[in-house]
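Visitor: Supplied structure: work.pdb, PDB, C-alpha atoms.
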```pdb
ATOM      1  CA  MET A   1      51.810   2.880 -26.110  1.00  0.00           C
ATOM      2  CA  ARG A   2      49.831  -0.270 -26.813  1.00  0.00           C
ATOM      3  CA  ASN A   3      48.934  -0.569 -23.108  1.00  0.00           C
ATOM      4  CA  TYR A   4      47.693   3.032 -23.079  1.00  0.00           C
ATOM      5  CA  VAL A   5      45.490   2.367 -26.093  1.00  0.00           C
ATOM      6  CA  ARG A   6      44.091  -0.728 -24.442  1.00  0.00           C
ATOM      7  CA  PHE A   7      43.424   1.223 -21.226  1.00  0.00           C
ATOM      8  CA  PHE A   8      41.450   3.923 -23.066  1.00  0.00           C
ATOM      9  CA  VAL A   9      39.469   1.327 -24.998  1.00  0.00           C
ATOM     10  CA  TYR A  10      38.447  -0.322 -21.731  1.00  0.00           C
ATOM     11  CA  LEU A  11      37.644   3.063 -20.224  1.00  0.00           C
ATOM     12  CA  PHE A  12      35.359   4.021 -23.112  1.00  0.00           C
ATOM     13  CA  VAL A  13      33.613   0.641 -22.921  1.00  0.00           C
ATOM     14  CA  LEU A  14      33.004   1.048 -19.207  1.00  0.00           C
ATOM     15  CA  ILE A  15      31.721   4.581 -19.671  1.00  0.00           C
ATOM     16  CA  GLY A  16      29.415   3.393 -22.442  1.00  0.00           C
ATOM     17  CA  LEU A  17      28.053   0.594 -20.283  1.00  0.00           C
ATOM     18  CA  SER A  18      27.493   2.981 -17.394  1.00  0.00           C
ATOM     19  CA  VAL A  19      25.597   5.437 -19.586  1.00  0.00           C
ATOM     20  CA  ALA A  20      23.500   2.620 -21.045  1.00  0.00           C
ATOM     21  CA  ARG A  21      22.789   1.290 -17.551  1.00  0.00           C
ATOM     22  CA  ALA A  22      21.724   4.745 -16.371  1.00  0.00           C
ATOM     23  CA  GLY A  23      19.455   5.136 -19.374  1.00  0.00           C
ATOM     24  CA  SER A  24      17.901   1.737 -18.797  1.00  0.00           C
ATOM     25  CA  TYR A  25      17.363   2.570 -15.132  1.00  0.00           C
ATOM     26  CA  GLU A  26      15.432   5.731 -15.953  1.00  0.00           C
ATOM     27  CA  ASP A  27      13.536   4.036 -18.782  1.00  0.00           C
ATOM     28  CA  PHE A  28      12.491   1.194 -16.483  1.00  0.00           C
ATOM     29  CA  PHE A  29      10.795   3.367 -13.888  1.00  0.00           C
ATOM     30  CA  VAL A  30       9.283   5.647 -16.510  1.00  0.00           C
ATOM     31  CA  ALA A  31       7.811   2.558 -18.215  1.00  0.00           C
ATOM     32  CA  ILE A  32       6.291   1.463 -14.914  1.00  0.00           C
ATOM     33  CA  LYS A  33       4.642   4.825 -14.326  1.00  0.00           C
ATOM     34  CA  GLN A  34       3.407   4.902 -17.922  1.00  0.00           C
ATOM     35  CA  ASP A  35       2.124   1.317 -17.562  1.00  0.00           C
ATOM     36  CA  ASN A  36       4.134   0.207 -20.583  1.00  0.00           C
ATOM     37  CA  PRO A  37       4.650  -3.571 -20.394  1.00  0.00           C
ATOM     38  CA  GLY A  38       6.305  -3.750 -23.807  1.00  0.00           C
ATOM     39  CA  LYS A  39       9.133  -1.448 -22.768  1.00  0.00           C
ATOM     40  CA  ILE A  40       9.532  -3.285 -19.482  1.00  0.00           C
ATOM     41  CA  ALA A  41       9.781  -6.638 -21.293  1.00  0.00           C
ATOM     42  CA  GLU A  42      12.342  -5.176 -23.682  1.00  0.00           C
ATOM     43  CA  LEU A  43      14.529  -3.934 -20.829  1.00  0.00           C
ATOM     44  CA  LEU A  44      14.265  -7.207 -18.931  1.00  0.00           C
ATOM     45  CA  GLN A  45      15.187  -9.214 -22.019  1.00  0.00           C
ATOM     46  CA  ARG A  46      18.262  -6.991 -22.408  1.00  0.00           C
ATOM     47  CA  GLY A  47      19.326  -7.980 -18.892  1.00  0.00           C
ATOM     48  CA  PHE A  48      17.972  -5.190 -16.723  1.00  0.00           C
ATOM     49  CA  ASP A  49      17.502  -6.221 -13.090  1.00  0.00           C
ATOM     50  CA  PRO A  50      13.751  -6.438 -12.327  1.00  0.00           C
ATOM     51  CA  ASN A  51      14.543  -5.961  -8.636  1.00  0.00           C
ATOM     52  CA  ALA A  52      16.242  -2.599  -9.020  1.00  0.00           C
ATOM     53  CA  LEU A  53      15.034   0.020  -6.545  1.00  0.00           C
ATOM     54  CA  ASP A  54      14.069   3.564  -7.483  1.00  0.00           C
ATOM     55  CA  PRO A  55      15.861   6.546  -5.846  1.00  0.00           C
ATOM     56  CA  SER A  56      13.427   6.395  -2.910  1.00  0.00           C
ATOM     57  CA  GLY A  57      14.209   2.713  -2.347  1.00  0.00           C
ATOM     58  CA  ARG A  58      11.028   1.208  -3.792  1.00  0.00           C
ATOM     59  CA  HIS A  59      10.856  -1.983  -5.845  1.00  0.00           C
ATOM     60  CA  GLY A  60       9.459  -1.699  -9.361  1.00  0.00           C
ATOM     61  CA  LEU A  61       6.670  -4.222  -8.782  1.00  0.00           C
ATOM     62  CA  PHE A  62       5.655  -2.459  -5.577  1.00  0.00           C
ATOM     63  CA  ILE A  63       5.459   0.861  -7.453  1.00  0.00           C
ATOM     64  CA  ALA A  64       3.410  -0.671 -10.269  1.00  0.00           C
ATOM     65  CA  VAL A  65       0.856  -2.140  -7.869  1.00  0.00           C
ATOM     66  CA  HIS A  66       0.747   0.968  -5.701  1.00  0.00           C
ATOM     67  CA  GLU A  67       0.196   3.315  -8.630  1.00  0.00           C
ATOM     68  CA  GLY A  68      -2.254   1.085 -10.478  1.00  0.00           C
ATOM     69  CA  SER A  69       0.057   0.307 -13.396  1.00  0.00           C
ATOM     70  CA  LEU A  70      -1.444  -3.153 -13.686  1.00  0.00           C
ATOM     71  CA  LYS A  71      -0.053  -4.085 -17.116  1.00  0.00           C
ATOM     72  CA  ALA A  72       3.419  -3.228 -15.852  1.00  0.00           C
ATOM     73  CA  ALA A  73       2.772  -5.229 -12.699  1.00  0.00           C
ATOM     74  CA  GLU A  74       1.732  -8.274 -14.737  1.00  0.00           C
ATOM     75  CA  ALA A  75       4.861  -8.025 -16.881  1.00  0.00           C
ATOM     76  CA  LEU A  76       7.038  -7.976 -13.767  1.00  0.00           C
ATOM     77  CA  ILE A  77       5.153 -10.805 -12.067  1.00  0.00           C
ATOM     78  CA  GLN A  78       5.562 -12.968 -15.178  1.00  0.00           C
ATOM     79  CA  TRP A  79       9.326 -12.398 -15.232  1.00  0.00           C
ATOM     80  CA  PRO A  80      10.846 -15.344 -13.292  1.00  0.00           C
ATOM     81  CA  ARG A  81      13.614 -13.307 -11.632  1.00  0.00           C
ATOM     82  CA  THR A  82      11.252 -10.773 -10.073  1.00  0.00           C
ATOM     83  CA  GLN A  83      11.132 -10.976  -6.286  1.00  0.00           C
ATOM     84  CA  VAL A  84       7.385 -10.849  -5.688  1.00  0.00           C
ATOM     85  CA  GLU A  85       7.768 -10.971  -1.899  1.00  0.00           C
ATOM     86  CA  TRP A  86       9.851  -7.808  -1.606  1.00  0.00           C
ATOM     87  CA  ARG A  87       9.045  -5.737   1.509  1.00  0.00           C
ATOM     88  CA  SER A  88       9.039  -1.969   1.904  1.00  0.00           C
ATOM     89  CA  ALA A  89      10.453  -0.058   4.888  1.00  0.00           C
ATOM     90  CA  LYS A  90       6.945  -0.341   6.383  1.00  0.00           C
ATOM     91  CA  ASP A  91       7.027  -4.138   5.896  1.00  0.00           C
ATOM     92  CA  GLU A  92       4.443  -3.973   3.113  1.00  0.00           C
ATOM     93  CA  SER A  93       4.517  -6.435   0.227  1.00  0.00           C
ATOM     94  CA  PRO A  94       3.057  -6.067  -3.284  1.00  0.00           C
ATOM     95  CA  LEU A  95       0.371  -8.599  -2.315  1.00  0.00           C
ATOM     96  CA  MET A  96      -0.668  -6.447   0.637  1.00  0.00           C
ATOM     97  CA  ILE A  97      -0.997  -3.345  -1.542  1.00  0.00           C
ATOM     98  CA  ALA A  98      -2.878  -5.236  -4.258  1.00  0.00           C
ATOM     99  CA  SER A  99      -5.221  -6.584  -1.578  1.00  0.00           C
ATOM    100  CA  MET A 100      -5.831  -3.110  -0.184  1.00  0.00           C
ATOM    101  CA  LYS A 101      -6.642  -1.777  -3.639  1.00  0.00           C
ATOM    102  CA  GLY A 102      -8.849  -4.697  -4.640  1.00  0.00           C
ATOM    103  CA  GLN A 103      -6.677  -5.715  -7.604  1.00  0.00           C
ATOM    104  CA  LYS A 104      -8.161  -9.193  -7.875  1.00  0.00           C
ATOM    105  CA  GLU A 105      -6.231 -10.458 -10.900  1.00  0.00           C
ATOM    106  CA  ILE A 106      -2.922  -9.148  -9.596  1.00  0.00           C
ATOM    107  CA  VAL A 107      -3.617 -10.847  -6.262  1.00  0.00           C
ATOM    108  CA  LYS A 108      -4.186 -14.149  -8.079  1.00  0.00           C
ATOM    109  CA  LYS A 109      -1.011 -13.799 -10.121  1.00  0.00           C
ATOM    110  CA  LEU A 110       1.087 -12.893  -7.074  1.00  0.00           C
ATOM    111  CA  ILE A 111      -0.228 -15.889  -5.156  1.00  0.00           C
ATOM    112  CA  ALA A 112       0.565 -18.096  -8.155  1.00  0.00           C
ATOM    113  CA  ARG A 113       4.158 -16.856  -7.800  1.00  0.00           C
ATOM    114  CA  ASP A 114       4.131 -17.903  -4.111  1.00  0.00           C
ATOM    115  CA  ALA A 115       3.608 -14.487  -2.576  1.00  0.00           C
ATOM    116  CA  ASP A 116       3.145 -14.949   1.179  1.00  0.00           C
ATOM    117  CA  VAL A 117      -0.572 -15.048   2.016  1.00  0.00           C
ATOM    118  CA  ASN A 118       0.201 -15.483   5.703  1.00  0.00           C
ATOM    119  CA  LYS A 119       2.948 -12.924   6.087  1.00  0.00           C
ATOM    120  CA  PRO A 120       3.664 -12.369   9.810  1.00  0.00           C
ATOM    121  CA  GLY A 121       2.474  -9.094  11.322  1.00  0.00           C
ATOM    122  CA  TRP A 122       0.122  -7.099   9.134  1.00  0.00           C
ATOM    123  CA  ALA A 123      -1.092  -9.595   6.548  1.00  0.00           C
ATOM    124  CA  PRO A 124      -2.763  -9.285   3.133  1.00  0.00           C
ATOM    125  CA  LEU A 125      -6.131 -10.208   4.700  1.00  0.00           C
ATOM    126  CA  HIS A 126      -5.879  -7.216   7.054  1.00  0.00           C
ATOM    127  CA  TYR A 127      -5.416  -4.981   4.015  1.00  0.00           C
ATOM    128  CA  ALA A 128      -8.202  -6.569   1.959  1.00  0.00           C
ATOM    129  CA  ALA A 129     -10.578  -6.280   4.933  1.00  0.00           C
ATOM    130  CA  THR A 130      -9.604  -2.641   5.428  1.00  0.00           C
ATOM    131  CA  GLY A 131     -10.548  -1.924   1.824  1.00  0.00           C
ATOM    132  CA  GLY A 132     -13.709  -4.025   2.084  1.00  0.00           C
ATOM    133  CA  HIS A 133     -12.786  -5.981  -1.052  1.00  0.00           C
ATOM    134  CA  LEU A 134     -14.923  -9.105  -0.760  1.00  0.00           C
ATOM    135  CA  GLU A 135     -13.581 -10.986  -3.780  1.00  0.00           C
ATOM    136  CA  VAL A 136      -9.981 -10.483  -2.716  1.00  0.00           C
ATOM    137  CA  MET A 137     -10.830 -11.487   0.852  1.00  0.00           C
ATOM    138  CA  GLN A 138     -12.407 -14.687  -0.433  1.00  0.00           C
ATOM    139  CA  ILE A 139      -9.405 -15.445  -2.647  1.00  0.00           C
ATOM    140  CA  LEU A 140      -7.089 -15.080   0.346  1.00  0.00           C
ATOM    141  CA  LEU A 141      -9.314 -17.223   2.553  1.00  0.00           C
ATOM    142  CA  ASP A 142      -9.476 -19.873  -0.167  1.00  0.00           C
ATOM    143  CA  GLU A 143      -5.669 -19.851  -0.117  1.00  0.00           C
ATOM    144  CA  ASN A 144      -5.759 -20.613   3.627  1.00  0.00           C
ATOM    145  CA  ALA A 145      -5.162 -17.092   4.889  1.00  0.00           C
ATOM    146  CA  PHE A 146      -5.388 -17.174   8.691  1.00  0.00           C
ATOM    147  CA  ILE A 147      -8.729 -15.513   9.394  1.00  0.00           C
ATOM    148  CA  ASP A 148      -7.749 -14.282  12.869  1.00  0.00           C
ATOM    149  CA  ALA A 149      -4.265 -13.116  11.914  1.00  0.00           C
ATOM    150  CA  GLU A 150      -2.867 -10.717  14.490  1.00  0.00           C
ATOM    151  CA  SER A 151      -1.012  -7.533  13.571  1.00  0.00           C
ATOM    152  CA  PRO A 152       1.902  -6.355  15.749  1.00  0.00           C
ATOM    153  CA  ASN A 153      -0.669  -4.755  18.081  1.00  0.00           C
ATOM    154  CA  LYS A 154      -2.914  -7.866  17.917  1.00  0.00           C
ATOM    155  CA  SER A 155      -5.574  -6.298  15.676  1.00  0.00           C
ATOM    156  CA  THR A 156      -7.414  -8.768  13.437  1.00  0.00           C
ATOM    157  CA  PRO A 157      -8.874  -8.532   9.919  1.00  0.00           C
ATOM    158  CA  LEU A 158     -12.356  -8.447  11.495  1.00  0.00           C
ATOM    159  CA  MET A 159     -11.390  -5.349  13.466  1.00  0.00           C
ATOM    160  CA  MET A 160     -10.117  -3.679  10.303  1.00  0.00           C
ATOM    161  CA  ALA A 161     -13.304  -4.551   8.418  1.00  0.00           C
ATOM    162  CA  ALA A 162     -15.416  -3.288  11.301  1.00  0.00           C
ATOM    163  CA  MET A 163     -13.835   0.156  11.366  1.00  0.00           C
ATOM    164  CA  TYR A 164     -12.669   0.784   7.810  1.00  0.00           C
ATOM    165  CA  GLY A 165     -14.134  -1.837   5.470  1.00  0.00           C
ATOM    166  CA  SER A 166     -17.821  -2.572   5.058  1.00  0.00           C
ATOM    167  CA  THR A 167     -20.635  -4.404   6.778  1.00  0.00           C
ATOM    168  CA  ALA A 168     -20.476  -6.960   3.968  1.00  0.00           C
ATOM    169  CA  ALA A 169     -16.786  -7.546   4.735  1.00  0.00           C
ATOM    170  CA  VAL A 170     -17.637  -8.039   8.414  1.00  0.00           C
ATOM    171  CA  LYS A 171     -20.365 -10.501   7.458  1.00  0.00           C
ATOM    172  CA  LEU A 172     -18.024 -12.467   5.185  1.00  0.00           C
ATOM    173  CA  LEU A 173     -15.413 -12.843   7.927  1.00  0.00           C
ATOM    174  CA  LEU A 174     -17.949 -13.819  10.581  1.00  0.00           C
ATOM    175  CA  GLU A 175     -19.527 -16.423   8.305  1.00  0.00           C
ATOM    176  CA  ALA A 176     -16.056 -17.770   7.520  1.00  0.00           C
ATOM    177  CA  GLY A 177     -15.369 -18.267  11.220  1.00  0.00           C
ATOM    178  CA  ALA A 178     -13.643 -15.108  12.477  1.00  0.00           C
ATOM    179  CA  ASP A 179     -13.581 -14.817  16.269  1.00  0.00           C
ATOM    180  CA  PRO A 180     -15.645 -11.737  17.272  1.00  0.00           C
ATOM    181  CA  THR A 181     -14.446 -11.829  20.887  1.00  0.00           C
ATOM    182  CA  MET A 182     -10.728 -11.214  20.309  1.00  0.00           C
ATOM    183  CA  ARG A 183      -9.135  -8.028  21.645  1.00  0.00           C
ATOM    184  CA  ASN A 184      -5.980  -6.186  20.643  1.00  0.00           C
ATOM    185  CA  GLU A 185      -3.248  -4.860  22.916  1.00  0.00           C
ATOM    186  CA  LEU A 186      -5.382  -1.813  23.745  1.00  0.00           C
ATOM    187  CA  GLY A 187      -8.174  -4.091  24.892  1.00  0.00           C
ATOM    188  CA  MET A 188     -10.367  -3.158  21.914  1.00  0.00           C
ATOM    189  CA  SER A 189     -12.696  -5.717  20.344  1.00  0.00           C
ATOM    190  CA  ALA A 190     -14.168  -5.710  16.846  1.00  0.00           C
ATOM    191  CA  VAL A 191     -17.328  -4.146  18.318  1.00  0.00           C
ATOM    192  CA  ASP A 192     -15.197  -1.339  19.773  1.00  0.00           C
ATOM    193  CA  PHE A 193     -13.582  -0.789  16.376  1.00  0.00           C
ATOM    194  CA  ALA A 194     -16.993  -0.564  14.716  1.00  0.00           C
ATOM    195  CA  GLN A 195     -18.262   1.886  17.310  1.00  0.00           C
ATOM    196  CA  LYS A 196     -15.143   4.023  17.009  1.00  0.00           C
ATOM    197  CA  GLY A 197     -15.722   4.184  13.260  1.00  0.00           C
ATOM    198  CA  ASN A 198     -19.418   5.035  13.719  1.00  0.00           C
ATOM    199  CA  ARG A 199     -20.344   1.778  12.009  1.00  0.00           C
ATOM    200  CA  ARG A 200     -23.579   0.865  13.794  1.00  0.00           C
ATOM    201  CA  ASP A 201     -24.568  -1.899  11.346  1.00  0.00           C
ATOM    202  CA  ALA A 202     -21.185  -3.580  11.719  1.00  0.00           C
ATOM    203  CA  ALA A 203     -21.292  -3.274  15.516  1.00  0.00           C
ATOM    204  CA  ASP A 204     -24.765  -4.833  15.648  1.00  0.00           C
ATOM    205  CA  LEU A 205     -23.691  -7.683  13.369  1.00  0.00           C
ATOM    206  CA  ILE A 206     -20.647  -8.493  15.493  1.00  0.00           C
ATOM    207  CA  ALA A 207     -22.607  -8.222  18.739  1.00  0.00           C
ATOM    208  CA  ALA A 208     -25.188 -10.655  17.344  1.00  0.00           C
ATOM    209  CA  ALA A 209     -22.387 -13.093  16.467  1.00  0.00           C
ATOM    210  CA  ILE A 210     -21.059 -12.885  20.035  1.00  0.00           C
ATOM    211  CA  ARG A 211     -24.534 -13.540  21.485  1.00  0.00           C
ATOM    212  CA  ALA A 212     -24.934 -16.535  19.182  1.00  0.00           C
ATOM    213  CA  GLN A 213     -21.776 -18.057  20.670  1.00  0.00           C
ATOM    214  CA  GLN A 214     -23.009 -17.760  24.241  1.00  0.00           C
ATOM    215  CA  PRO A 215     -24.637 -20.803  25.869  1.00  0.00           C
ATOM    216  CA  LYS A 216     -28.401 -20.545  25.849  1.00  0.00           C
ATOM    217  CA  GLY A 217     -30.100 -20.403  29.265  1.00  0.00           C
ATOM    218  CA  LYS A 218     -32.318 -23.175  30.456  1.00  0.00           C
ATOM    219  CA  TRP A 219     -36.063 -22.695  30.172  1.00  0.00           C
TER     220      TRP A 219
END
```
Can you give me the file's structure in the form of structure tokens?
Guide:
Amino acid sequence: MRNYVRFFVYLFVLIGLSVARAGSYEDFFVAIKQDNPGKIAELLQRGFDPNALDPSGRHGLFIAVHEGSLKAAEALIQWPRTQVEWRSAKDESPLMIASMKGQKEIVKKLIARDADVNKPGWAPLHYAATGGHLEVMQILLDENAFIDAESPNKSTPLMMAAMYGSTAAVKLLLEAGADPTMRNELGMSAVDFAQKGNRRDAADLIAAAIRAQQPKGKW
């Protein structure tokens, strides 16, 4: 009889822990969406895993950055056990998403936690250039981001800026030393990207940079 009593006590404890864990799980992701850093800190201090994935397989920090819950993102970045370099199924990191969205302070905090500035493949600088976020681009370059980083199809940040970003982003990259003559696997140059995106100003700027690199003829 005593063993049966002990068994049921253990069973009730386990059930209670499971219910509490389930409640914490739901509360955690709700707190992220509501941008509630206080609730997140409370759950983490109670032992909740900051690297838990939501039902769709996304990391909490990734969700916070993606959805603009910046207070929640800061709370997670500050927590020492949070994996800031988590990658999604598309090989995207929180730093890449923050760079795309121009979240300057989050970018700084992620880098301070050793987020990979020079992630192989698509890199944070590609994403910042795509969004045309000059301050974020400069932060990444100051942290030694490779200016001519090549994506899996050999596209560079300059190409992304030329087609999707801004003329100012193109200018920043060219002045920082980006190579305007590089081509991707389709044989497209940054000028081609600008023309495809109907970005005449960007195309002219890149073409001028290419001409400036060419040896001057003798008089």
Visitor: Rounded to one decimal, what separation in Å do you get between CA of Gln195 (chain A) and CA of Ala207 (chain A)?
Guide: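 Interatomic distance, CA of Gln195 (chain A) to CA of Ala207 (chain A): 11.1 Å.
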Visitor: Could you tell me which residues the PyMOL selection byres ((chain A and resi 140-144) around 12) grabs in this file, written as a PDB file with C-alpha atoms, keeping the file's coordinate frame?
Guide:
```
ATOM      1  CA  LEU A  95       0.371  -8.599  -2.315  1.00  0.00           C
ATOM      2  CA  MET A  96      -0.668  -6.447   0.637  1.00  0.00           C
ATOM      3  CA  ALA A  98      -2.878  -5.236  -4.258  1.00  0.00           C
ATOM      4  CA  SER A  99      -5.221  -6.584  -1.578  1.00  0.00           C
ATOM      5  CA  GLY A 102      -8.849  -4.697  -4.640  1.00  0.00           C
ATOM      6  CA  LYS A 104      -8.161  -9.193  -7.875  1.00  0.00           C
ATOM      7  CA  VAL A 107      -3.617 -10.847  -6.262  1.00  0.00           C
ATOM      8  CA  LYS A 108      -4.186 -14.149  -8.079  1.00  0.00           C
ATOM      9  CA  LEU A 110       1.087 -12.893  -7.074  1.00  0.00           C
ATOM     10  CA  ILE A 111      -0.228 -15.889  -5.156  1.00  0.00           C
ATOM     11  CA  ALA A 112       0.565 -18.096  -8.155  1.00  0.00           C
ATOM     12  CA  ASP A 114       4.131 -17.903  -4.111  1.00  0.00           C
ATOM     13  CA  ALA A 115       3.608 -14.487  -2.576  1.00  0.00           C
ATOM     14  CA  ASP A 116       3.145 -14.949   1.179  1.00  0.00           C
ATOM     15  CA  VAL A 117      -0.572 -15.048   2.016  1.00  0.00           C
ATOM     16  CA  ASN A 118       0.201 -15.483   5.703  1.00  0.00           C
ATOM     17  CA  LYS A 119       2.948 -12.924   6.087  1.00  0.00           C
ATOM     18  CA  ALA A 123      -1.092  -9.595   6.548  1.00  0.00           C
ATOM     19  CA  PRO A 124      -2.763  -9.285   3.133  1.00  0.00           C
ATOM     20  CA  LEU A 125      -6.131 -10.208   4.700  1.00  0.00           C
ATOM     21  CA  HIS A 126      -5.879  -7.216   7.054  1.00  0.00           C
ATOM     22  CA  TYR A 127      -5.416  -4.981   4.015  1.00  0.00           C
ATOM     23  CA  ALA A 128      -8.202  -6.569   1.959  1.00  0.00           C
ATOM     24  CA  ALA A 129     -10.578  -6.280   4.933  1.00  0.00           C
ATOM     25  CA  HIS A 133     -12.786  -5.981  -1.052  1.00  0.00           C
ATOM     26  CA  LEU A 134     -14.923  -9.105  -0.760  1.00  0.00           C
ATOM     27  CA  GLU A 135     -13.581 -10.986  -3.780  1.00  0.00           C
ATOM     28  CA  VAL A 136      -9.981 -10.483  -2.716  1.00  0.00           C
ATOM     29  CA  MET A 137     -10.830 -11.487   0.852  1.00  0.00           C
ATOM     30  CA  GLN A 138     -12.407 -14.687  -0.433  1.00  0.00           C
ATOM     31  CA  ILE A 139      -9.405 -15.445  -2.647  1.00  0.00           C
ATOM     32  CA  ALA A 145      -5.162 -17.092   4.889  1.00  0.00           C
ATOM     33  CA  PHE A 146      -5.388 -17.174   8.691  1.00  0.00           C
ATOM     34  CA  ILE A 147      -8.729 -15.513   9.394  1.00  0.00           C
ATOM     35  CA  ASP A 148      -7.749 -14.282  12.869  1.00  0.00           C
ATOM     36  CA  ALA A 149      -4.265 -13.116  11.914  1.00  0.00           C
ATOM     37  CA  PRO A 157      -8.874  -8.532   9.919  1.00  0.00           C
ATOM     38  CA  LEU A 172     -18.024 -12.467   5.185  1.00  0.00           C
ATOM     39  CA  LEU A 173     -15.413 -12.843   7.927  1.00  0.00           C
ATOM     40  CA  GLU A 175     -19.527 -16.423   8.305  1.00  0.00           C
ATOM     41  CA  ALA A 176     -16.056 -17.770   7.520  1.00  0.00           C
ATOM     42  CA  GLY A 177     -15.369 -18.267  11.220  1.00  0.00           C
ATOM     43  CA  ALA A 178     -13.643 -15.108  12.477  1.00  0.00           C
TER      44      ALA A 178
END
```
Visitor: With all atoms listed in the file as the basis for distance, which of A:Lys71, A:Lys39, A:Arg200, A:Arg81 is at the shortest distance from Ser24 (chain A)?
Guide: A:Lys39
Visitor: For Asp201 (chain A), which residue out of A:Ser166, A:Ser93, A:Ser69, A:Thr156 is the nearest one, using all atoms listed in the file?
Guide: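 Of A:Ser166, A:Ser93, A:Ser69, A:Thr156, the one nearest Asp201 (chain A) is A:Ser166, counting all atoms listed in the file.
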Visitor: Given all atoms listed in the file as the basis, pick out the residue of A:Asp35, A:Glu67, A:Asp49, A:Asp54 nearest to Thr82 (chain A).
Guide: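 Of A:Asp35, A:Glu67, A:Asp49, A:Asp54, the one nearest Thr82 (chain A) is A:Asp49, counting all atoms listed in the file.
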Visitor: For this structure, which residues satisfy the selection - the PyMOL selection byres ((chain A and resi 78) around 12) - when it is evaluated on the file as given? I want them as a list of chain:residue names.
Guide: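 Taken on the displayed file, the PyMOL selection byres ((chain A and resi 78) around 12) yields the residues A:Pro37, A:Ile40, A:Ala41, A:Leu44, A:Pro50, A:Leu61, A:Lys71, A:Ala72, A:Ala73, A:Glu74, A:Ala75, A:Leu76, A:Ile77, A:Trp79, A:Pro80, A:Arg81, A:Thr82, A:Gln83, A:Val84, A:Ile106, A:Lys109, A:Leu110, A:Ile111, A:Ala112, A:Arg113.
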Visitor: Just to confirm, what's the straight-line distance from CA of Lys101 (chain A) to CA of Val170 (chain A) in Å (one decimal)?
Guide: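 A separation of 17.5 Å between them.
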Visitor: Write out as a list of chain:residue names the residues lying within 7 Å of region 181-185 of chain A, counting all atoms listed in the file and excluding same-chain residues fewer than 6 positions away.
Guide: A:Asn153, A:Lys154, A:Ser155, A:Ile210
Visitor: Pick from A:Ala212, A:Lys90, A:Leu158, A:Glu150: nearest to Gly131 (chain A), with only C-alpha atoms counted?
Guide: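 Nearest to Gly131 (chain A): A:Leu158.
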Visitor: Which residue is closest to Gly132 (chain A)? Choose from A:Leu43, A:Ala52, A:Ile97, A:Met163 and count all atoms listed in the file.
Guide: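 Residue with the minimum atom-to-atom distance to Gly132 (chain A): A:Met163.
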Visitor: Could you check which of A:Pro180, A:Gly197, A:Gly60, A:Gly187 is closest to Tyr164 (chain A), using only C-alpha atoms?
Guide: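 Using only C-alpha atoms, the shortest distance to Tyr164 (chain A) belongs to A:Gly197.
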Visitor: Excluding Phe193 (chain A) and residues on its chain fewer than 3 positions from it, collect all residues at most 7 Å away from it, counting only C-alpha atoms, and give them as a ChimeraX atom specification.
Guide: /A:159,162-163,188-190,196-197
Visitor: Tell me, in Å to one decimal, how far CA of Gln214 (chain A) is from CA of Thr130 (chain A).
Guide: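 CA of Thr130 (chain A) lies at a distance of 27.6 Å from CA of Gln214 (chain A).
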